[in-house]
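*Asks:* Let me begin by handing over the structure; questions about it come next.
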Amino acid sequence: MWITRRRCLAGVGALWPAPLLAQRADPNPDATVEIEEVRVGIGVVATSIGGGRVRWRGEEYSFRIRGLTMGAIGVTSLQARGEVFALARLEDFSGNYAEDPPETPPDPNAPPGGPIMRFLRNPNGVRLRLRATRDGAILEISPGGLNIELR
Amino acid sequence: MIDGFIIARMIGDFLFSFSTLISIINPFAIGFVFLERTQGLTSRERAALSRRIALYSLCVLLVAGFIGQQILGFFGISLAALRIAGGLTVALAGWAMLNAPDAPDSTSAPKVTVAAANRMAFFPMTMPLTTGPGSIAASIALAANRTGEMRGLVPSVLVTLLVALAVSVIIYLTYRHAASLARLLGPDGTRLVSRISAFLLLCVGVQITLTGVLDALAPLVSGVR
């Protein structure tokens, strides 16, 4: 009976989805971020309001954000969440984040329809992993990068 | 502190909740149901009835948003039970409308008196035809989610109030002007849209019931597995 159970557990381990194993291999994030932005307008004639919160060592700090690309017409709302890595000092969090795709390509066997991840890095070496959390919103970063400024 | 982040979250949440509730309530389709059930009323009487239904809907949405979870918990009613009961009521209303004989013209259509119309303002016009179990369940779920995410009572309360108010205004305007829309479509167009609305109402009722049944059966099924 015991052997059967152990075999079962081994079988479950072998069948454990690869993306979950990859997530486990991630280093623990140093902080978490939340971003919220609403854009109103048509094409280049548009205005937006928003900002973000970073939770670092039990404290929450707000920041300004520039460089998110959103829908071209009407009202677009974007909500994103993510993790921050290699953040030793809070001052390092500010800066211009450029796209920094991970070295390991995404798992081709991962189920489709999941949120699109954006991997970013600033000149201080701080890395950011972001994903849109509201259905319908597409998280796009402008070519100039994502500018974050702590308040 | 209210800053761009909180304002953007409030706007985003308002848009999400408003569009969710409007698509569930679908006042544009139910406006024709309202029109059919208020044959014989004058334009002014219909406007007064629309105002009353919108006010009742506002109350239902506010109660569902603020204390819906507590009320259901007090009576020991699950969301699944609410969905099954309400879904069946909506489906029955849709079935009755779908099978009602065609009125040859507006003069021979069944007439309703003001007193009778006022009596049906809450049941069935507000509940379950306008703010039925689907919208009540959605209001409860949206409000619960909002309170968890907003990190503040004031923004959360404000969004719940604004969403309920905006949805009620849309309900009032669509019901108030349902006759104008029917005139625009003509008798045949109105009859067609009414039948399609009735069929959709039946489908919505069945869908709400199915969701409730699936919700109720989910723990049993997972227990068997």
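Scheme for the structure tokens: letters A, B, ... for chains in order shown; per-chain residue numbers from 1; ligand numbers from 1 in order shown.
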Just need the residues of chain A within 6 Å of chain B, counting only C-alpha atoms, so spit them out as a PyMOL selection string.
*Replies:* chain A and resi 36-38+49-52+77
*Asks:* Restricting the output to C-alpha atoms, write the selected residues as a PDB file, in the first residue's frame.
*Replies:*
ATOM      1  CA  GLU A  36      -3.310  51.527 -12.537  1.00  0.00           C
ATOM      2  CA  GLU A  37      -3.815  53.867 -15.482  1.00  0.00           C
ATOM      3  CA  VAL A  38      -6.799  55.271 -17.375  1.00  0.00           C
ATOM      4  CA  ILE A  49      -4.197  59.529 -15.103  1.00  0.00           C
ATOM      5  CA  GLY A  50      -2.645  56.869 -12.993  1.00  0.00           C
ATOM      6  CA  GLY A  51       0.281  55.749 -10.955  1.00  0.00           C
ATOM      7  CA  GLY A  52       1.568  52.850  -8.980  1.00  0.00           C
ATOM      8  CA  SER A  77      -8.241  51.247 -18.379  1.00  0.00           C
TER       9      SER A  77
END
*Asks:* Please provide as a JSON list (two decimals) with N, CA, C and O atoms, in the first residue's frame all residues within 12 Å of region 194-198 of chain B, with the sequence filter that same-chain residues fewer than 5 positions apart are discarded (counting only C-alpha atoms).
*Replies:*
[["chain", "number", "residue", "atom", "x", "y", "z"],
["B", 26, "ASN", "N", -29.17, 44.36, -19.35],
["B", 26, "ASN", "CA", -29.61, 44.60, -20.73],
["B", 26, "ASN", "C", -30.91, 45.40, -20.80],
["B", 26, "ASN", "O", -31.94, 44.90, -21.29],
["B", 27, "PRO", "N", -30.91, 46.64, -20.31],
["B", 27, "PRO", "CA", -32.16, 47.42, -20.28],
["B", 27, "PRO", "C", -32.72, 47.72, -21.66],
["B", 27, "PRO", "O", -33.92, 47.96, -21.79],
["B", 28, "PHE", "N", -31.89, 47.67, -22.68],
["B", 28, "PHE", "CA", -32.36, 47.98, -24.05],
["B", 28, "PHE", "C", -33.33, 46.89, -24.52],
["B", 28, "PHE", "O", -34.33, 47.19, -25.17],
["B", 29, "ALA", "N", -33.04, 45.64, -24.20],
["B", 29, "ALA", "CA", -33.95, 44.54, -24.58],
["B", 29, "ALA", "C", -35.15, 44.49, -23.65],
["B", 29, "ALA", "O", -36.29, 44.30, -24.09],
["B", 30, "ILE", "N", -34.90, 44.68, -22.34],
["B", 30, "ILE", "CA", -36.00, 44.58, -21.38],
["B", 30, "ILE", "C", -36.96, 45.78, -21.56],
["B", 30, "ILE", "O", -38.12, 45.71, -21.16],
["B", 31, "GLY", "N", -36.48, 46.86, -22.19],
["B", 31, "GLY", "CA", -37.33, 48.01, -22.47],
["B", 31, "GLY", "C", -38.54, 47.60, -23.29],
["B", 31, "GLY", "O", -39.66, 48.11, -23.06],
["B", 32, "PHE", "N", -38.39, 46.65, -24.19],
["B", 32, "PHE", "CA", -39.51, 46.18, -25.01],
["B", 32, "PHE", "C", -40.48, 45.33, -24.18],
["B", 32, "PHE", "O", -41.68, 45.33, -24.43],
["B", 33, "VAL", "N", -39.92, 44.60, -23.22],
["B", 33, "VAL", "CA", -40.77, 43.84, -22.30],
["B", 33, "VAL", "C", -41.62, 44.82, -21.49],
["B", 33, "VAL", "O", -42.83, 44.64, -21.32],
["B", 34, "PHE", "N", -40.95, 45.87, -21.02],
["B", 34, "PHE", "CA", -41.63, 46.92, -20.26],
["B", 34, "PHE", "C", -42.76, 47.53, -21.09],
["B", 34, "PHE", "O", -43.88, 47.71, -20.62],
["B", 35, "LEU", "N", -42.45, 47.78, -22.35],
["B", 35, "LEU", "CA", -43.43, 48.40, -23.26],
["B", 35, "LEU", "C", -44.65, 47.50, -23.44],
["B", 35, "LEU", "O", -45.79, 47.95, -23.40],
["B", 36, "GLU", "N", -44.38, 46.21, -23.62],
["B", 36, "GLU", "CA", -45.47, 45.27, -23.84],
["B", 36, "GLU", "C", -46.36, 45.14, -22.61],
["B", 36, "GLU", "O", -47.57, 44.99, -22.71],
["B", 37, "ARG", "N", -45.72, 45.23, -21.44],
["B", 37, "ARG", "CA", -46.49, 45.06, -20.19],
["B", 37, "ARG", "C", -47.19, 46.34, -19.75],
["B", 37, "ARG", "O", -47.89, 46.32, -18.75],
["B", 90, "VAL", "N", -36.98, 34.17, -14.13],
["B", 90, "VAL", "CA", -36.72, 34.90, -15.38],
["B", 90, "VAL", "C", -37.10, 34.04, -16.58],
["B", 90, "VAL", "O", -37.74, 34.51, -17.53],
["B", 91, "ALA", "N", -36.73, 32.75, -16.53],
["B", 91, "ALA", "CA", -37.03, 31.85, -17.65],
["B", 91, "ALA", "C", -38.54, 31.72, -17.85],
["B", 91, "ALA", "O", -39.02, 31.71, -18.98],
["B", 92, "LEU", "N", -39.29, 31.63, -16.73],
["B", 92, "LEU", "CA", -40.75, 31.52, -16.83],
["B", 92, "LEU", "C", -41.36, 32.76, -17.47],
["B", 92, "LEU", "O", -42.26, 32.66, -18.30],
["B", 93, "ALA", "N", -40.83, 33.95, -17.07],
["B", 93, "ALA", "CA", -41.33, 35.21, -17.66],
["B", 93, "ALA", "C", -41.04, 35.23, -19.16],
["B", 93, "ALA", "O", -41.90, 35.63, -19.96],
["B", 94, "GLY", "N", -39.86, 34.79, -19.54],
["B", 94, "GLY", "CA", -39.49, 34.74, -20.96],
["B", 94, "GLY", "C", -40.36, 33.77, -21.73],
["B", 94, "GLY", "O", -40.82, 34.06, -22.84],
["B", 95, "TRP", "N", -40.63, 32.61, -21.12],
["B", 95, "TRP", "CA", -41.45, 31.58, -21.76],
["B", 95, "TRP", "C", -42.88, 32.09, -21.98],
["B", 95, "TRP", "O", -43.47, 31.89, -23.06],
["B", 96, "ALA", "N", -43.43, 32.77, -20.97],
["B", 96, "ALA", "CA", -44.79, 33.31, -21.07],
["B", 96, "ALA", "C", -44.88, 34.35, -22.19],
["B", 96, "ALA", "O", -45.83, 34.37, -22.96],
["B", 97, "MET", "N", -43.84, 35.20, -22.27],
["B", 97, "MET", "CA", -43.83, 36.24, -23.31],
["B", 97, "MET", "C", -43.69, 35.64, -24.70],
["B", 97, "MET", "O", -44.30, 36.10, -25.66],
["B", 98, "LEU", "N", -42.87, 34.60, -24.76],
["B", 98, "LEU", "CA", -42.60, 33.97, -26.06],
["B", 98, "LEU", "C", -43.84, 33.30, -26.61],
["B", 98, "LEU", "O", -44.07, 33.26, -27.82],
["B", 99, "ASN", "N", -44.68, 32.76, -25.71],
["B", 99, "ASN", "CA", -45.86, 32.02, -26.14],
["B", 99, "ASN", "C", -47.14, 32.84, -26.12],
["B", 99, "ASN", "O", -48.21, 32.30, -26.41],
["B", 100, "ALA", "N", -47.01, 34.11, -25.76],
["B", 100, "ALA", "CA", -48.20, 34.96, -25.73],
["B", 100, "ALA", "C", -48.69, 35.15, -27.16],
["B", 100, "ALA", "O", -47.88, 35.33, -28.08],
["B", 101, "PRO", "N", -50.03, 35.12, -27.38],
["B", 101, "PRO", "CA", -50.52, 35.29, -28.75],
["B", 101, "PRO", "C", -50.23, 36.69, -29.27],
["B", 101, "PRO", "O", -50.20, 37.65, -28.50],
["B", 102, "ASP", "N", -50.01, 36.76, -30.57],
["B", 102, "ASP", "CA", -49.72, 38.05, -31.20],
["B", 102, "ASP", "C", -50.94, 38.95, -31.14],
["B", 102, "ASP", "O", -52.05, 38.52, -31.47],
["B", 103, "ALA", "N", -50.73, 40.20, -30.72],
["B", 103, "ALA", "CA", -51.83, 41.17, -30.77],
["B", 103, "ALA", "C", -51.88, 41.74, -32.17],
["B", 103, "ALA", "O", -50.87, 42.24, -32.67],
["B", 129, "LEU", "N", -37.13, 40.96, -13.49],
["B", 129, "LEU", "CA", -36.91, 41.26, -14.91],
["B", 129, "LEU", "C", -35.77, 42.26, -15.14],
["B", 129, "LEU", "O", -35.00, 42.14, -16.08],
["B", 178, "ALA", "N", -38.65, 53.78, -24.48],
["B", 178, "ALA", "CA", -38.89, 52.51, -25.19],
["B", 178, "ALA", "C", -39.95, 52.68, -26.27],
["B", 178, "ALA", "O", -39.84, 52.11, -27.37],
["B", 181, "LEU", "N", -38.52, 54.28, -29.35],
["B", 181, "LEU", "CA", -37.73, 53.30, -30.10],
["B", 181, "LEU", "C", -38.65, 52.35, -30.86],
["B", 181, "LEU", "O", -38.39, 52.00, -32.03],
["B", 182, "ALA", "N", -39.75, 51.97, -30.21],
["B", 182, "ALA", "CA", -40.72, 51.08, -30.86],
["B", 182, "ALA", "C", -41.36, 51.77, -32.06],
["B", 182, "ALA", "O", -41.59, 51.14, -33.11],
["B", 185, "LEU", "N", -39.04, 51.63, -34.91],
["B", 185, "LEU", "CA", -38.93, 50.30, -35.52],
["B", 185, "LEU", "C", -40.21, 49.90, -36.26],
["B", 185, "LEU", "O", -40.17, 49.03, -37.13],
["B", 186, "GLY", "N", -41.34, 50.51, -35.89],
["B", 186, "GLY", "CA", -42.62, 50.14, -36.51],
["B", 186, "GLY", "C", -43.21, 48.92, -35.82],
["B", 186, "GLY", "O", -42.51, 48.24, -35.07],
["B", 187, "PRO", "N", -44.53, 48.60, -36.11],
["B", 187, "PRO", "CA", -45.19, 47.47, -35.42],
["B", 187, "PRO", "C", -44.50, 46.14, -35.67],
["B", 187, "PRO", "O", -44.29, 45.36, -34.74],
["B", 188, "ASP", "N", -44.11, 45.88, -36.93],
["B", 188, "ASP", "CA", -43.47, 44.59, -37.24],
["B", 188, "ASP", "C", -42.11, 44.48, -36.57],
["B", 188, "ASP", "O", -41.76, 43.43, -36.01],
["B", 189, "GLY", "N", -41.35, 45.57, -36.67],
["B", 189, "GLY", "CA", -40.02, 45.58, -36.05],
["B", 189, "GLY", "C", -40.10, 45.39, -34.55],
["B", 189, "GLY", "O", -39.34, 44.62, -33.95],
["B", 203, "CYS", "N", -33.38, 32.48, -22.50],
["B", 203, "CYS", "CA", -32.00, 31.96, -22.50],
["B", 203, "CYS", "C", -31.23, 32.46, -21.27],
["B", 203, "CYS", "O", -30.49, 31.70, -20.65],
["B", 204, "VAL", "N", -31.43, 33.75, -20.95],
["B", 204, "VAL", "CA", -30.74, 34.32, -19.78],
["B", 204, "VAL", "C", -31.17, 33.58, -18.52],
["B", 204, "VAL", "O", -30.34, 33.22, -17.68],
["B", 205, "GLY", "N", -32.47, 33.33, -18.41],
["B", 205, "GLY", "CA", -32.99, 32.61, -17.25],
["B", 205, "GLY", "C", -32.40, 31.21, -17.14],
["B", 205, "GLY", "O", -31.98, 30.78, -16.07]]
*Asks:* In Å, rounded to a single decimal, give me how far CA of Arg64 (chain A) is from CA of Ser48 (chain A).
*Replies:*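 Computing it gives 11.8 Å between the two atoms.
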*Asks:* Taking 5 positions as the minimum chain separation for residues in the same chain, which residues sit within 8 Å of region 87-95 of chain A when counting only C-alpha atoms? Answer as a list in words.
*Replies:*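 In the requested format, the answer is Asp30, Ala31, Trp56, Asn122, Pro123, Asn124, Val126, Arg127, Asn147, Ile148, Glu149 and Leu150 of chain A.
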*Asks:* Enumerate the residues of region 93-216 of chain B with a DSSP assignment of helix (DSSP H, G or I), computed from the backbone, and present them as JSON, numbers by chain.
*Replies:* {"B": [93, 94, 95, 96, 97, 98, 99, 114, 115, 116, 117, 118, 119, 121, 122, 123, 124, 125, 126, 127, 128, 129, 130, 133, 134, 135, 136, 137, 138, 139, 140, 141, 142, 143, 144, 145, 146, 147, 148, 149, 150, 153, 154, 155, 156, 157, 158, 159, 160, 161, 162, 163, 164, 165, 166, 167, 168, 169, 170, 171, 172, 173, 174, 175, 176, 178, 179, 180, 181, 182, 183, 184, 185, 186, 187, 188, 189, 190, 191, 192, 193, 194, 195, 196, 197, 198, 199, 200, 201, 202, 203, 204, 205, 206, 207, 208, 209, 210, 211, 212, 213, 214, 215, 216]}
*Asks:* Looking at B:Ser78, B:Ser57, B:Ser43, B:Thr160, which one is nearest to Ser180 (chain B), with distances taken over only C-alpha atoms?
*Replies:* B:Ser43
*Asks:* Grab the CA of Ala138 (chain B) to CA of Tyr175 (chain B) distance for me, in Å with one decimal place.
*Replies:*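 CA of Tyr175 (chain B) lies at a distance of 21.8 Å from CA of Ala138 (chain B).
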*Asks:* Give me, please, the distance in Å between CA of Ala117 (chain B) and CA of Tyr172 (chain B), quoted to one decimal.
*Replies:*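 Between these atoms lies a distance of 15.6 Å.
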*Asks:* Contacts of Thr32 (chain A) at 8 Å or less, counting only C-alpha atoms, minus same-chain residues fewer than 5 places along, as JSON, numbers by chain?
*Replies:* {"A": [54, 55, 56, 81, 82, 83, 84]}
*Asks:* Please produce a file of the residues just selected, as a JSON list (two decimals), in the first residue's frame, where the atoms kept are all heavy atoms.
*Replies:*
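Wrote selection.json, looks like this:
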[["chain", "number", "residue", "atom", "x", "y", "z"],
["A", 54, "VAL", "N", 4.45, 50.47, -4.84],
["A", 54, "VAL", "CA", 5.44, 49.40, -4.68],
["A", 54, "VAL", "C", 5.48, 49.03, -3.20],
["A", 54, "VAL", "O", 5.52, 49.90, -2.33],
["A", 54, "VAL", "CB", 6.83, 49.81, -5.22],
["A", 54, "VAL", "CG1", 7.35, 51.09, -4.60],
["A", 54, "VAL", "CG2", 7.84, 48.68, -5.05],
["A", 55, "ARG", "N", 5.36, 47.75, -2.94],
["A", 55, "ARG", "CA", 5.41, 47.26, -1.55],
["A", 55, "ARG", "C", 6.79, 46.65, -1.32],
["A", 55, "ARG", "O", 7.13, 45.63, -1.92],
["A", 55, "ARG", "CB", 4.30, 46.23, -1.32],
["A", 55, "ARG", "CG", 4.24, 45.70, 0.08],
["A", 55, "ARG", "CD", 2.93, 44.98, 0.32],
["A", 55, "ARG", "NE", 1.92, 45.89, 0.84],
["A", 55, "ARG", "CZ", 1.82, 46.27, 2.12],
["A", 55, "ARG", "NH1", 2.68, 45.82, 3.01],
["A", 55, "ARG", "NH2", 0.87, 47.08, 2.52],
["A", 56, "TRP", "N", 7.58, 47.31, -0.48],
["A", 56, "TRP", "CA", 8.97, 46.90, -0.25],
["A", 56, "TRP", "C", 9.25, 46.84, 1.25],
["A", 56, "TRP", "O", 9.04, 47.82, 1.96],
["A", 56, "TRP", "CB", 9.91, 47.92, -0.93],
["A", 56, "TRP", "CG", 11.37, 47.61, -0.87],
["A", 56, "TRP", "CD1", 12.02, 46.61, -1.52],
["A", 56, "TRP", "CD2", 12.37, 48.32, -0.14],
["A", 56, "TRP", "NE1", 13.36, 46.65, -1.25],
["A", 56, "TRP", "CE2", 13.60, 47.70, -0.41],
["A", 56, "TRP", "CE3", 12.34, 49.44, 0.70],
["A", 56, "TRP", "CZ2", 14.80, 48.13, 0.15],
["A", 56, "TRP", "CZ3", 13.53, 49.88, 1.24],
["A", 56, "TRP", "CH2", 14.75, 49.23, 0.97],
["A", 81, "ARG", "N", -0.03, 44.09, -12.41],
["A", 81, "ARG", "CA", 0.65, 43.71, -11.17],
["A", 81, "ARG", "C", 1.96, 43.06, -11.55],
["A", 81, "ARG", "O", 2.12, 42.59, -12.67],
["A", 81, "ARG", "CB", -0.20, 42.71, -10.39],
["A", 81, "ARG", "CG", -1.30, 43.41, -9.67],
["A", 81, "ARG", "CD", -1.95, 42.53, -8.65],
["A", 81, "ARG", "NE", -3.06, 43.31, -8.09],
["A", 81, "ARG", "CZ", -4.14, 42.80, -7.58],
["A", 81, "ARG", "NH1", -4.29, 41.51, -7.54],
["A", 81, "ARG", "NH2", -5.08, 43.56, -7.09],
["A", 82, "GLY", "N", 2.87, 43.02, -10.60],
["A", 82, "GLY", "CA", 4.13, 42.37, -10.91],
["A", 82, "GLY", "C", 5.05, 42.26, -9.72],
["A", 82, "GLY", "O", 4.69, 42.59, -8.60],
["A", 83, "GLU", "N", 6.25, 41.77, -10.01],
["A", 83, "GLU", "CA", 7.25, 41.54, -8.98],
["A", 83, "GLU", "C", 8.51, 42.31, -9.33],
["A", 83, "GLU", "O", 8.79, 42.53, -10.51],
["A", 83, "GLU", "CB", 7.59, 40.05, -8.87],
["A", 83, "GLU", "CG", 6.45, 39.18, -8.36],
["A", 83, "GLU", "CD", 5.40, 38.87, -9.39],
["A", 83, "GLU", "OE1", 5.78, 38.71, -10.57],
["A", 83, "GLU", "OE2", 4.20, 38.82, -9.05],
["A", 84, "VAL", "N", 9.25, 42.69, -8.31],
["A", 84, "VAL", "CA", 10.50, 43.42, -8.50],
["A", 84, "VAL", "C", 11.63, 42.55, -7.97],
["A", 84, "VAL", "O", 11.53, 41.98, -6.88],
["A", 84, "VAL", "CB", 10.48, 44.77, -7.73],
["A", 84, "VAL", "CG1", 11.70, 45.60, -8.08],
["A", 84, "VAL", "CG2", 9.21, 45.54, -8.01]]
*Asks:* For Leu165 (chain B), find every residue with an atom within 9 Å (counting only C-alpha atoms), except residues of its own chain fewer than 3 positions away, and show them as a PyMOL selection string.
*Replies:* chain B and resi 58+61-62+160-162+168-170
